[in-house]
$ cat work29.cif   # mmCIF, C-alpha atoms; chains and numbers go by the auth columns
data_entry
#
loop_
_atom_site.group_PDB
_atom_site.id
_atom_site.type_symbol
_atom_site.label_atom_id
_atom_site.label_comp_id
_atom_site.label_asym_id
_atom_site.label_seq_id
_atom_site.Cartn_x
_atom_site.Cartn_y
_atom_site.Cartn_z
_atom_site.B_iso_or_equiv
_atom_site.auth_seq_id
_atom_site.auth_asym_id
ATOM 1 C CA GLN A 1 65.589 -73.727 -12.107 0.00 160 A
ATOM 2 C CA LYS A 2 68.198 -73.233 -14.812 0.00 161 A
ATOM 3 C CA GLU A 3 69.543 -76.253 -16.676 0.00 162 A
ATOM 4 C CA VAL A 4 73.111 -75.198 -15.889 0.00 163 A
ATOM 5 C CA GLU A 5 74.143 -73.446 -12.676 0.00 164 A
ATOM 6 C CA GLN A 6 77.464 -71.668 -12.262 0.00 165 A
ATOM 7 C CA ASP A 7 78.720 -69.526 -9.391 0.00 166 A
ATOM 8 C CA PRO A 8 79.104 -66.002 -10.833 0.00 167 A
ATOM 9 C CA GLY A 9 81.941 -65.041 -8.510 0.00 168 A
ATOM 10 C CA PRO A 10 83.880 -62.838 -8.753 0.00 169 A
ATOM 11 C CA LEU A 11 86.743 -65.025 -7.648 0.00 170 A
ATOM 12 C CA SER A 12 89.948 -63.207 -6.691 0.00 171 A
ATOM 13 C CA VAL A 13 93.160 -65.214 -6.129 0.00 172 A
ATOM 14 C CA PRO A 14 96.890 -64.490 -5.876 0.00 173 A
ATOM 15 C CA GLU A 15 99.247 -65.442 -8.677 0.00 174 A
ATOM 16 C CA GLY A 16 100.330 -69.075 -8.422 0.00 175 A
ATOM 17 C CA ALA A 17 97.140 -70.262 -6.726 0.00 176 A
ATOM 18 C CA ILE A 18 95.118 -73.269 -7.813 0.00 177 A
ATOM 19 C CA VAL A 19 91.699 -72.206 -9.055 0.00 178 A
ATOM 20 C CA SER A 20 88.621 -74.410 -9.041 0.00 179 A
ATOM 21 C CA LEU A 21 85.627 -73.472 -11.171 0.00 180 A
ATOM 22 C CA ASN A 22 82.435 -75.507 -11.052 0.00 181 A
ATOM 23 C CA CYS A 23 79.088 -76.066 -12.720 0.00 182 A
ATOM 24 C CA THR A 24 76.132 -78.265 -11.934 0.00 183 A
ATOM 25 C CA TYR A 25 73.441 -79.325 -14.353 0.00 184 A
ATOM 26 C CA SER A 26 70.092 -81.060 -14.345 0.00 185 A
ATOM 27 C CA ASN A 27 69.755 -82.632 -17.819 0.00 186 A
ATOM 28 C CA SER A 28 71.062 -86.206 -17.809 0.00 187 A
ATOM 29 C CA ALA A 29 71.109 -86.179 -21.635 0.00 188 A
ATOM 30 C CA PHE A 30 74.154 -83.897 -21.684 0.00 189 A
ATOM 31 C CA GLN A 31 77.159 -85.788 -23.012 0.00 190 A
ATOM 32 C CA TYR A 32 79.569 -83.122 -24.262 0.00 191 A
ATOM 33 C CA PHE A 33 81.102 -80.637 -21.846 0.00 192 A
ATOM 34 C CA MET A 34 83.131 -77.561 -22.622 0.00 193 A
ATOM 35 C CA TRP A 35 84.872 -74.713 -20.884 0.00 194 A
ATOM 36 C CA TYR A 36 85.260 -71.350 -22.574 0.00 195 A
ATOM 37 C CA ARG A 37 87.306 -68.339 -21.525 0.00 196 A
ATOM 38 C CA GLN A 38 86.090 -64.868 -22.386 0.00 197 A
ATOM 39 C CA TYR A 39 88.197 -61.749 -22.124 0.00 198 A
ATOM 40 C CA SER A 40 86.579 -58.328 -22.027 0.00 199 A
ATOM 41 C CA ARG A 41 85.329 -57.190 -25.447 0.00 200 A
ATOM 42 C CA LYS A 42 86.092 -60.586 -26.985 0.00 201 A
ATOM 43 C CA GLY A 43 84.099 -63.672 -27.896 0.00 202 A
ATOM 44 C CA PRO A 44 84.332 -66.896 -25.863 0.00 203 A
ATOM 45 C CA GLU A 45 87.436 -68.961 -26.625 0.00 204 A
ATOM 46 C CA LEU A 46 87.285 -72.760 -26.356 0.00 205 A
ATOM 47 C CA LEU A 47 89.588 -73.991 -23.578 0.00 206 A
ATOM 48 C CA MET A 48 88.637 -77.572 -22.877 0.00 207 A
ATOM 49 C CA TYR A 49 86.299 -80.127 -24.414 0.00 208 A
ATOM 50 C CA THR A 50 85.389 -83.482 -22.867 0.00 209 A
ATOM 51 C CA TYR A 51 82.998 -86.258 -23.684 0.00 210 A
ATOM 52 C CA SER A 52 81.130 -88.090 -20.917 0.00 211 A
ATOM 53 C CA SER A 53 82.722 -88.655 -17.507 0.00 212 A
ATOM 54 C CA GLY A 54 86.412 -88.466 -16.724 0.00 213 A
ATOM 55 C CA ASN A 55 89.363 -86.119 -16.607 0.00 214 A
ATOM 56 C CA LYS A 56 91.236 -84.258 -19.313 0.00 215 A
ATOM 57 C CA GLU A 57 94.439 -82.310 -18.859 0.00 216 A
ATOM 58 C CA ASP A 58 95.962 -79.646 -21.093 0.00 217 A
ATOM 59 C CA GLY A 59 98.952 -77.807 -19.682 0.00 218 A
ATOM 60 C CA ARG A 60 97.875 -75.951 -16.554 0.00 219 A
ATOM 61 C CA PHE A 61 94.199 -76.769 -17.139 0.00 220 A
ATOM 62 C CA THR A 62 92.328 -79.896 -16.014 0.00 221 A
ATOM 63 C CA ALA A 63 88.666 -80.550 -16.753 0.00 222 A
ATOM 64 C CA GLN A 64 86.674 -83.072 -14.737 0.00 223 A
ATOM 65 C CA VAL A 65 83.227 -84.444 -15.464 0.00 224 A
ATOM 66 C CA ASP A 66 81.180 -86.469 -12.987 0.00 225 A
ATOM 67 C CA LYS A 67 77.983 -87.464 -14.750 0.00 226 A
ATOM 68 C CA SER A 68 76.641 -89.397 -11.768 0.00 227 A
ATOM 69 C CA SER A 69 76.654 -86.184 -9.719 0.00 228 A
ATOM 70 C CA LYS A 70 75.907 -83.908 -12.704 0.00 229 A
ATOM 71 C CA TYR A 71 78.930 -81.831 -11.803 0.00 230 A
ATOM 72 C CA ILE A 72 81.821 -80.506 -13.866 0.00 231 A
ATOM 73 C CA SER A 73 84.959 -78.668 -12.812 0.00 232 A
ATOM 74 C CA LEU A 74 87.848 -76.771 -14.327 0.00 233 A
ATOM 75 C CA PHE A 75 91.105 -76.537 -12.383 0.00 234 A
ATOM 76 C CA ILE A 76 93.784 -73.989 -13.214 0.00 235 A
ATOM 77 C CA ARG A 77 97.209 -74.641 -11.714 0.00 236 A
ATOM 78 C CA ASP A 78 99.850 -71.962 -11.164 0.00 237 A
ATOM 79 C CA SER A 79 97.346 -69.245 -12.073 0.00 238 A
ATOM 80 C CA GLN A 80 98.674 -66.163 -13.879 0.00 239 A
ATOM 81 C CA PRO A 81 97.361 -62.597 -14.164 0.00 240 A
ATOM 82 C CA SER A 82 96.715 -63.382 -17.846 0.00 241 A
ATOM 83 C CA ASP A 83 94.135 -65.963 -16.679 0.00 242 A
ATOM 84 C CA SER A 84 91.943 -63.105 -15.451 0.00 243 A
ATOM 85 C CA ALA A 85 88.770 -63.488 -17.488 0.00 244 A
ATOM 86 C CA THR A 86 85.237 -64.862 -17.335 0.00 245 A
ATOM 87 C CA TYR A 87 85.025 -68.649 -17.528 0.00 246 A
ATOM 88 C CA LEU A 88 81.909 -70.220 -19.013 0.00 247 A
ATOM 89 C CA CYS A 89 80.900 -73.828 -18.771 0.00 248 A
ATOM 90 C CA ALA A 90 78.789 -75.223 -21.619 0.00 249 A
ATOM 91 C CA MET A 91 77.190 -78.557 -22.388 0.00 250 A
ATOM 92 C CA ARG A 92 74.908 -80.308 -24.816 0.00 251 A
ATOM 93 C CA GLY A 93 73.450 -83.598 -25.994 0.00 252 A
ATOM 94 C CA ASN A 94 74.281 -84.873 -29.465 0.00 253 A
ATOM 95 C CA THR A 95 72.221 -82.563 -31.643 0.00 254 A
ATOM 96 C CA ASP A 96 70.781 -80.110 -29.167 0.00 255 A
ATOM 97 C CA LYS A 97 71.790 -76.524 -28.695 0.00 256 A
ATOM 98 C CA LEU A 98 74.782 -75.711 -26.508 0.00 257 A
ATOM 99 C CA ILE A 99 73.662 -74.513 -23.068 0.00 258 A
ATOM 100 C CA PHE A 100 75.908 -72.134 -21.142 0.00 259 A
ATOM 101 C CA GLY A 101 76.357 -71.326 -17.498 0.00 260 A
ATOM 102 C CA THR A 102 76.250 -67.653 -16.593 0.00 261 A
ATOM 103 C CA GLY A 103 80.024 -67.476 -16.213 0.00 262 A
ATOM 104 C CA THR A 104 82.472 -66.994 -13.315 0.00 263 A
ATOM 105 C CA ARG A 105 84.634 -63.877 -13.245 0.00 264 A
ATOM 106 C CA LEU A 106 88.183 -64.692 -12.191 0.00 265 A
ATOM 107 C CA GLN A 107 90.806 -62.161 -11.194 0.00 266 A
ATOM 108 C CA VAL A 108 94.397 -63.234 -10.553 0.00 267 A
ATOM 109 C CA PHE A 109 96.419 -60.529 -8.844 0.00 268 A
ATOM 110 C CA PRO A 110 100.257 -60.371 -8.876 0.00 269 A
ATOM 111 C CA LYS B 1 93.134 -70.583 -40.692 0.00 166 B
ATOM 112 C CA ALA B 2 90.976 -67.502 -40.219 0.00 167 B
ATOM 113 C CA GLY B 3 88.553 -67.516 -37.312 0.00 168 B
ATOM 114 C CA VAL B 4 84.898 -66.579 -37.222 0.00 169 B
ATOM 115 C CA THR B 5 84.422 -63.039 -38.504 0.00 170 B
ATOM 116 C CA GLN B 6 81.508 -60.864 -37.468 0.00 171 B
ATOM 117 C CA THR B 7 80.619 -57.493 -38.911 0.00 172 B
ATOM 118 C CA PRO B 8 80.095 -54.829 -37.870 0.00 173 B
ATOM 119 C CA ARG B 9 81.759 -54.819 -34.442 0.00 174 B
ATOM 120 C CA TYR B 10 79.570 -52.025 -33.097 0.00 175 B
ATOM 121 C CA LEU B 11 76.123 -50.724 -34.019 0.00 176 B
ATOM 122 C CA ILE B 12 73.913 -47.994 -32.589 0.00 177 B
ATOM 123 C CA LYS B 13 70.278 -48.057 -33.620 0.00 178 B
ATOM 124 C CA THR B 14 67.056 -46.362 -32.579 0.00 179 B
ATOM 125 C CA ARG B 15 63.948 -48.105 -31.260 0.00 180 B
ATOM 126 C CA GLY B 16 61.742 -49.305 -34.087 0.00 181 B
ATOM 127 C CA GLN B 17 64.546 -49.671 -36.605 0.00 182 B
ATOM 128 C CA GLN B 18 65.805 -52.954 -37.973 0.00 183 B
ATOM 129 C CA VAL B 19 69.347 -54.304 -38.106 0.00 184 B
ATOM 130 C CA THR B 20 71.259 -56.999 -39.988 0.00 185 B
ATOM 131 C CA LEU B 21 74.362 -58.653 -38.574 0.00 186 B
ATOM 132 C CA SER B 22 76.779 -60.726 -40.602 0.00 187 B
ATOM 133 C CA CYS B 23 78.890 -63.781 -39.796 0.00 188 B
ATOM 134 C CA SER B 24 81.558 -65.588 -41.827 0.00 189 B
ATOM 135 C CA PRO B 25 82.345 -69.000 -40.328 0.00 190 B
ATOM 136 C CA ILE B 26 85.662 -70.793 -40.261 0.00 191 B
ATOM 137 C CA SER B 27 86.411 -72.259 -43.667 0.00 192 B
ATOM 138 C CA GLY B 28 84.886 -75.726 -43.983 0.00 193 B
ATOM 139 C CA HIS B 29 82.428 -75.231 -41.123 0.00 194 B
ATOM 140 C CA ARG B 30 78.849 -75.821 -42.195 0.00 195 B
ATOM 141 C CA SER B 31 77.013 -75.075 -38.947 0.00 196 B
ATOM 142 C CA VAL B 32 76.480 -71.536 -37.706 0.00 197 B
ATOM 143 C CA SER B 33 74.821 -70.663 -34.395 0.00 198 B
ATOM 144 C CA TRP B 34 73.819 -67.295 -33.015 0.00 199 B
ATOM 145 C CA TYR B 35 73.735 -66.286 -29.358 0.00 200 B
ATOM 146 C CA GLN B 36 72.682 -63.162 -27.489 0.00 201 B
ATOM 147 C CA GLN B 37 74.822 -62.240 -24.482 0.00 202 B
ATOM 148 C CA THR B 38 73.636 -59.836 -21.796 0.00 203 B
ATOM 149 C CA PRO B 39 74.949 -59.240 -18.266 0.00 204 B
ATOM 150 C CA GLY B 40 71.716 -60.455 -16.701 0.00 205 B
ATOM 151 C CA GLN B 41 70.923 -63.504 -18.834 0.00 206 B
ATOM 152 C CA GLY B 42 74.334 -64.655 -20.034 0.00 207 B
ATOM 153 C CA LEU B 43 74.474 -66.438 -23.384 0.00 208 B
ATOM 154 C CA GLN B 44 71.055 -67.238 -24.797 0.00 209 B
ATOM 155 C CA PHE B 45 70.698 -69.406 -27.896 0.00 210 B
ATOM 156 C CA LEU B 46 68.945 -67.762 -30.836 0.00 211 B
ATOM 157 C CA PHE B 47 69.160 -70.275 -33.682 0.00 212 B
ATOM 158 C CA GLU B 48 71.402 -72.658 -35.579 0.00 213 B
ATOM 159 C CA TYR B 49 71.755 -73.135 -39.313 0.00 214 B
ATOM 160 C CA PHE B 50 73.250 -76.085 -41.127 0.00 215 B
ATOM 161 C CA SER B 51 73.496 -76.307 -44.898 0.00 216 B
ATOM 162 C CA GLU B 52 71.145 -73.326 -45.319 0.00 217 B
ATOM 163 C CA THR B 53 68.432 -74.879 -43.098 0.00 218 B
ATOM 164 C CA GLN B 54 67.434 -73.748 -39.642 0.00 219 B
ATOM 165 C CA ARG B 55 67.984 -76.775 -37.456 0.00 220 B
ATOM 166 C CA ASN B 56 67.360 -75.417 -33.960 0.00 221 B
ATOM 167 C CA LYS B 57 65.627 -72.339 -32.613 0.00 222 B
ATOM 168 C CA GLY B 58 65.676 -70.695 -29.193 0.00 223 B
ATOM 169 C CA ASN B 59 62.905 -68.913 -27.321 0.00 224 B
ATOM 170 C CA PHE B 60 63.075 -65.523 -28.973 0.00 225 B
ATOM 171 C CA PRO B 61 60.231 -63.619 -30.630 0.00 226 B
ATOM 172 C CA GLY B 62 59.721 -63.701 -34.382 0.00 227 B
ATOM 173 C CA ARG B 63 61.411 -60.306 -34.693 0.00 228 B
ATOM 174 C CA PHE B 64 64.653 -62.270 -34.614 0.00 229 B
ATOM 175 C CA SER B 65 65.364 -64.131 -37.817 0.00 230 B
ATOM 176 C CA GLY B 66 68.320 -65.504 -39.654 0.00 231 B
ATOM 177 C CA ARG B 67 69.487 -67.202 -42.770 0.00 232 B
ATOM 178 C CA GLN B 68 72.474 -69.039 -44.133 0.00 233 B
ATOM 179 C CA PHE B 69 73.865 -68.848 -47.625 0.00 234 B
ATOM 180 C CA SER B 70 75.322 -71.597 -49.783 0.00 235 B
ATOM 181 C CA ASN B 71 78.871 -70.559 -48.781 0.00 236 B
ATOM 182 C CA SER B 72 77.864 -71.053 -45.094 0.00 237 B
ATOM 183 C CA ARG B 73 77.972 -67.331 -44.338 0.00 238 B
ATOM 184 C CA SER B 74 75.068 -66.290 -42.159 0.00 239 B
ATOM 185 C CA GLU B 75 73.083 -63.200 -41.340 0.00 240 B
ATOM 186 C CA MET B 76 70.696 -62.441 -38.547 0.00 241 B
ATOM 187 C CA ASN B 77 68.059 -59.739 -38.643 0.00 242 B
ATOM 188 C CA VAL B 78 66.225 -58.028 -35.826 0.00 243 B
ATOM 189 C CA SER B 79 63.190 -55.983 -36.786 0.00 244 B
ATOM 190 C CA THR B 80 61.342 -53.351 -34.761 0.00 245 B
ATOM 191 C CA LEU B 81 64.198 -52.946 -32.314 0.00 246 B
ATOM 192 C CA GLU B 82 63.457 -52.581 -28.601 0.00 247 B
ATOM 193 C CA LEU B 83 65.681 -51.188 -25.869 0.00 248 B
ATOM 194 C CA GLY B 84 65.998 -54.694 -24.425 0.00 249 B
ATOM 195 C CA ASP B 85 67.651 -55.903 -27.628 0.00 250 B
ATOM 196 C CA SER B 86 70.840 -54.098 -26.613 0.00 251 B
ATOM 197 C CA ALA B 87 73.364 -56.896 -26.248 0.00 252 B
ATOM 198 C CA LEU B 88 76.447 -58.583 -27.631 0.00 253 B
ATOM 199 C CA TYR B 89 75.425 -60.853 -30.494 0.00 254 B
ATOM 200 C CA LEU B 90 77.788 -63.760 -30.973 0.00 255 B
ATOM 201 C CA CYS B 91 78.118 -66.061 -33.922 0.00 256 B
ATOM 202 C CA ALA B 92 79.763 -69.478 -33.618 0.00 257 B
ATOM 203 C CA SER B 93 80.638 -72.092 -36.193 0.00 258 B
ATOM 204 C CA SER B 94 81.426 -75.792 -36.096 0.00 259 B
ATOM 205 C CA PRO B 95 82.111 -78.410 -38.751 0.00 260 B
ATOM 206 C CA ALA B 96 78.878 -80.340 -38.333 0.00 261 B
ATOM 207 C CA GLY B 97 76.943 -78.818 -35.462 0.00 262 B
ATOM 208 C CA THR B 98 76.821 -82.102 -33.574 0.00 263 B
ATOM 209 C CA GLY B 99 77.900 -82.594 -29.994 0.00 264 B
ATOM 210 C CA ASP B 100 81.323 -83.891 -30.954 0.00 265 B
ATOM 211 C CA SER B 101 82.255 -80.702 -32.805 0.00 266 B
ATOM 212 C CA PRO B 102 82.679 -77.792 -30.385 0.00 267 B
ATOM 213 C CA LEU B 103 81.618 -74.263 -31.273 0.00 268 B
ATOM 214 C CA HIS B 104 84.166 -71.587 -32.157 0.00 269 B
ATOM 215 C CA PHE B 105 83.024 -68.020 -31.565 0.00 270 B
ATOM 216 C CA GLY B 106 83.640 -64.704 -33.227 0.00 271 B
ATOM 217 C CA ASN B 107 84.186 -61.511 -31.228 0.00 272 B
ATOM 218 C CA GLY B 108 80.583 -60.448 -31.626 0.00 273 B
ATOM 219 C CA THR B 109 78.616 -57.410 -32.679 0.00 274 B
ATOM 220 C CA ARG B 110 77.808 -54.973 -29.885 0.00 275 B
ATOM 221 C CA LEU B 111 74.312 -53.593 -30.561 0.00 276 B
ATOM 222 C CA THR B 112 73.075 -50.572 -28.651 0.00 277 B
ATOM 223 C CA VAL B 113 69.436 -49.543 -29.056 0.00 278 B
ATOM 224 C CA THR B 114 68.558 -45.998 -27.963 0.00 279 B
#

$ encode --input "work29.cif" --output "structure tokens"
Amino acid sequence: QKEVEQDPGPLSVPEGAIVSLNCTYSNSAFQYFMWYRQYSRKGPELLMYTYSSGNKEDGRFTAQVDKSSKYISLFIRDSQPSDSATYLCAMRGNTDKLIFGTGTRLQVFP
Amino acid sequence: KAGVTQTPRYLIKTRGQQVTLSCSPISGHRSVSWYQQTPGQGLQFLFEYFSETQRNKGNFPGRFSGRQFSNSRSEMNVSTLELGDSALYLCASSPAGTGDSPLHFGNGTRLTVT
């Protein structure tokens, strides 16, 4: 079993929809949780970064971490065609390597 | 502030050859990590360097090696290339390499082995 599981999608939604992206993990030592967005032919771009459990909001993006359930989510409100990309969750302990999910492909159609 | 710069962007090599990839981190960042990205495996951690010392290593064979220079720039080398080494190689930097300093990625080097 992988340390981090992420639904690969693809996920196809209409413009304006609310998108929910999720990851589960097995290592209780993970404390730092990140979401990256990757466009085709580009490197991953940091979207959200949270520490421990709780919510964090940045514009149309909200990240949630539930450490008791080992579950993290990224919500995108009012989705736009420009949000079409692959979304990667990532997490780590304090000094360990960053572990990535396999990524969810999202397509937002006009 | 300039981002992480990786060179070259594309490489085509033949089986058995060796290759060296280069990474310039964000100014002031002392930690550099390397990842291999493939459609089947996603992002796999290769190694991390901090202040010229390898601090973490992933589960890759010894053909994969790296180093970091005093100016924090890093190189990775793959010897005796195999077809399965075809991938996007990503470099990421962070100020300290600890959990509270997220990684910032370059756009990668696309390596094709024929």

$ atom_distance --input "work29.cif" --atom1 "CA of Phe234 (chain B)" --atom2 "CA of Ser187 (chain B)"
11.1 Å

$ interface_residues --input "work29.cif" --of "chain B" --to "chain A" --cutoff "8 Å" --atoms "only C-alpha atoms" --output "list in words"
Gln206, Gly207, Leu208, Gln209, Phe210, Glu213, Asn221, Leu255, Gly262, Thr263, Gly264, Asp265, Pro267, Leu268, His269, Phe270, Gly271, Asn272 and Gly273 of chain B

$ write_last_selection --input "work29.cif" --atoms "C-alpha atoms" --output "PDB file, in the frame of the given file"
ATOM      1  CA  GLN B 206      70.923 -63.504 -18.834  1.00  0.00           C
ATOM      2  CA  GLY B 207      74.334 -64.655 -20.034  1.00  0.00           C
ATOM      3  CA  LEU B 208      74.474 -66.438 -23.384  1.00  0.00           C
ATOM      4  CA  GLN B 209      71.055 -67.238 -24.797  1.00  0.00           C
ATOM      5  CA  PHE B 210      70.698 -69.406 -27.896  1.00  0.00           C
ATOM      6  CA  GLU B 213      71.402 -72.658 -35.579  1.00  0.00           C
ATOM      7  CA  ASN B 221      67.360 -75.417 -33.960  1.00  0.00           C
ATOM      8  CA  LEU B 255      77.788 -63.760 -30.973  1.00  0.00           C
ATOM      9  CA  GLY B 262      76.943 -78.818 -35.462  1.00  0.00           C
ATOM     10  CA  THR B 263      76.821 -82.102 -33.574  1.00  0.00           C
ATOM     11  CA  GLY B 264      77.900 -82.594 -29.994  1.00  0.00           C
ATOM     12  CA  ASP B 265      81.323 -83.891 -30.954  1.00  0.00           C
ATOM     13  CA  PRO B 267      82.679 -77.792 -30.385  1.00  0.00           C
ATOM     14  CA  LEU B 268      81.618 -74.263 -31.273  1.00  0.00           C
ATOM     15  CA  HIS B 269      84.166 -71.587 -32.157  1.00  0.00           C
ATOM     16  CA  PHE B 270      83.024 -68.020 -31.565  1.00  0.00           C
ATOM     17  CA  GLY B 271      83.640 -64.704 -33.227  1.00  0.00           C
ATOM     18  CA  ASN B 272      84.186 -61.511 -31.228  1.00  0.00           C
ATOM     19  CA  GLY B 273      80.583 -60.448 -31.626  1.00  0.00           C
TER      20      GLY B 273
END

$ closest_residue --input "work29.cif" --among "B:Cys256, B:Leu186, B:Leu211, B:Leu176" --to "Thr279 (chain B)" --atoms "all atoms listed in the file"
B:Leu176

$ resolve_selection --input "work29.cif" --expression "the PyMOL selection byres ((chain A and resi 183-188) around 7)" --output "ChimeraX atom specification"
/A:162-165,181-182,189-190,229-231,252

$ atom_distance --input "work29.cif" --atom1 "CA of Val278 (chain B)" --atom2 "CA of Lys222 (chain B)"
23.4 Å

$ residues_around --input "work29.cif" --residues "Pro169 (chain A)" --least-positions-apart "4" --cutoff "8 Å" --atoms "all atoms listed in the file" --output "CSV table (one decimal) with C-alpha atoms, in the coordinates of the input"
chain,number,residue,atom,x,y,z
A,263,THR,CA,82.5,-67.0,-13.3
A,264,ARG,CA,84.6,-63.9,-13.2
A,265,LEU,CA,88.2,-64.7,-12.2
A,266,GLN,CA,90.8,-62.2,-11.2

$ resolve_selection --input "work29.cif" --expression "the PyMOL selection byres ((chain A and resi 242) around 8)" --output "MDAnalysis selection string"
chainID A and resid 238:241 243:244 265:267

$ atom_distance --input "work29.cif" --atom1 "CA of Gln160 (chain A)" --atom2 "CA of Ser199 (chain A)"
27.9 Å

$ closest_residue --input "work29.cif" --among "A:Ser232, A:Leu180, A:Thr221, A:Gly175" --to "Thr245 (chain A)" --atoms "only C-alpha atoms"
A:Leu180

$ residues_near_point --input "work29.cif" --point "(77.0, -88.0, -15.4)" --cutoff "7 Å" --atoms "all atoms listed in the file" --output "list of chain:residue names"
A:Ser187, A:Ser211, A:Ser212, A:Asp225, A:Lys226, A:Ser227, A:Ser228, A:Lys229

$ write_last_selection --input "work29.cif" --atoms "C-alpha atoms" --output "tab-separated table (two decimals), keeping the file's coordinate frame"
chain	number	residue	atom	x	y	z
A	187	SER	CA	71.06	-86.21	-17.81
A	211	SER	CA	81.13	-88.09	-20.92
A	212	SER	CA	82.72	-88.66	-17.51
A	225	ASP	CA	81.18	-86.47	-12.99
A	226	LYS	CA	77.98	-87.46	-14.75
A	227	SER	CA	76.64	-89.40	-11.77
A	228	SER	CA	76.65	-86.18	-9.72
A	229	LYS	CA	75.91	-83.91	-12.70

$ resolve_selection --input "work29.cif" --expression "the PyMOL selection byres ((chain B and resi 244-252) around 8)" --output "list of chain:residue names"
B:Lys178, B:Thr179, B:Arg180, B:Gly181, B:Gln182, B:Gln183, B:Val184, B:Gln201, B:Gln202, B:Thr203, B:Arg228, B:Phe229, B:Asn242, B:Val243, B:Leu253, B:Tyr254, B:Arg275, B:Leu276, B:Thr277, B:Val278, B:Thr279

$ closest_residue --input "work29.cif" --among "A:Ala176, A:Phe234, A:Cys248, A:Asp217" --to "Trp194 (chain A)" --atoms "only C-alpha atoms"
A:Cys248

$ closest_residue --input "work29.cif" --among "B:Pro260, B:Gln171, B:Ile191, B:Met241" --to "Ser216 (chain B)" --atoms "all atoms listed in the file"
B:Pro260

$ closest_residue --input "work29.cif" --among "A:Arg196, A:Phe220, A:Pro269, A:Tyr246" --to "Ile177 (chain A)" --atoms "only C-alpha atoms"
A:Phe220

$ residues_around --input "work29.cif" --residues "Ser239 (chain B)" --least-positions-apart "2" --cutoff "8 Å" --atoms "all atoms listed in the file" --output "list in words"
Ser187, Cys188, Ser189, Pro190, Val197, Gly231, Arg232, Gln233, Phe234, Ser237 and Met241 of chain B
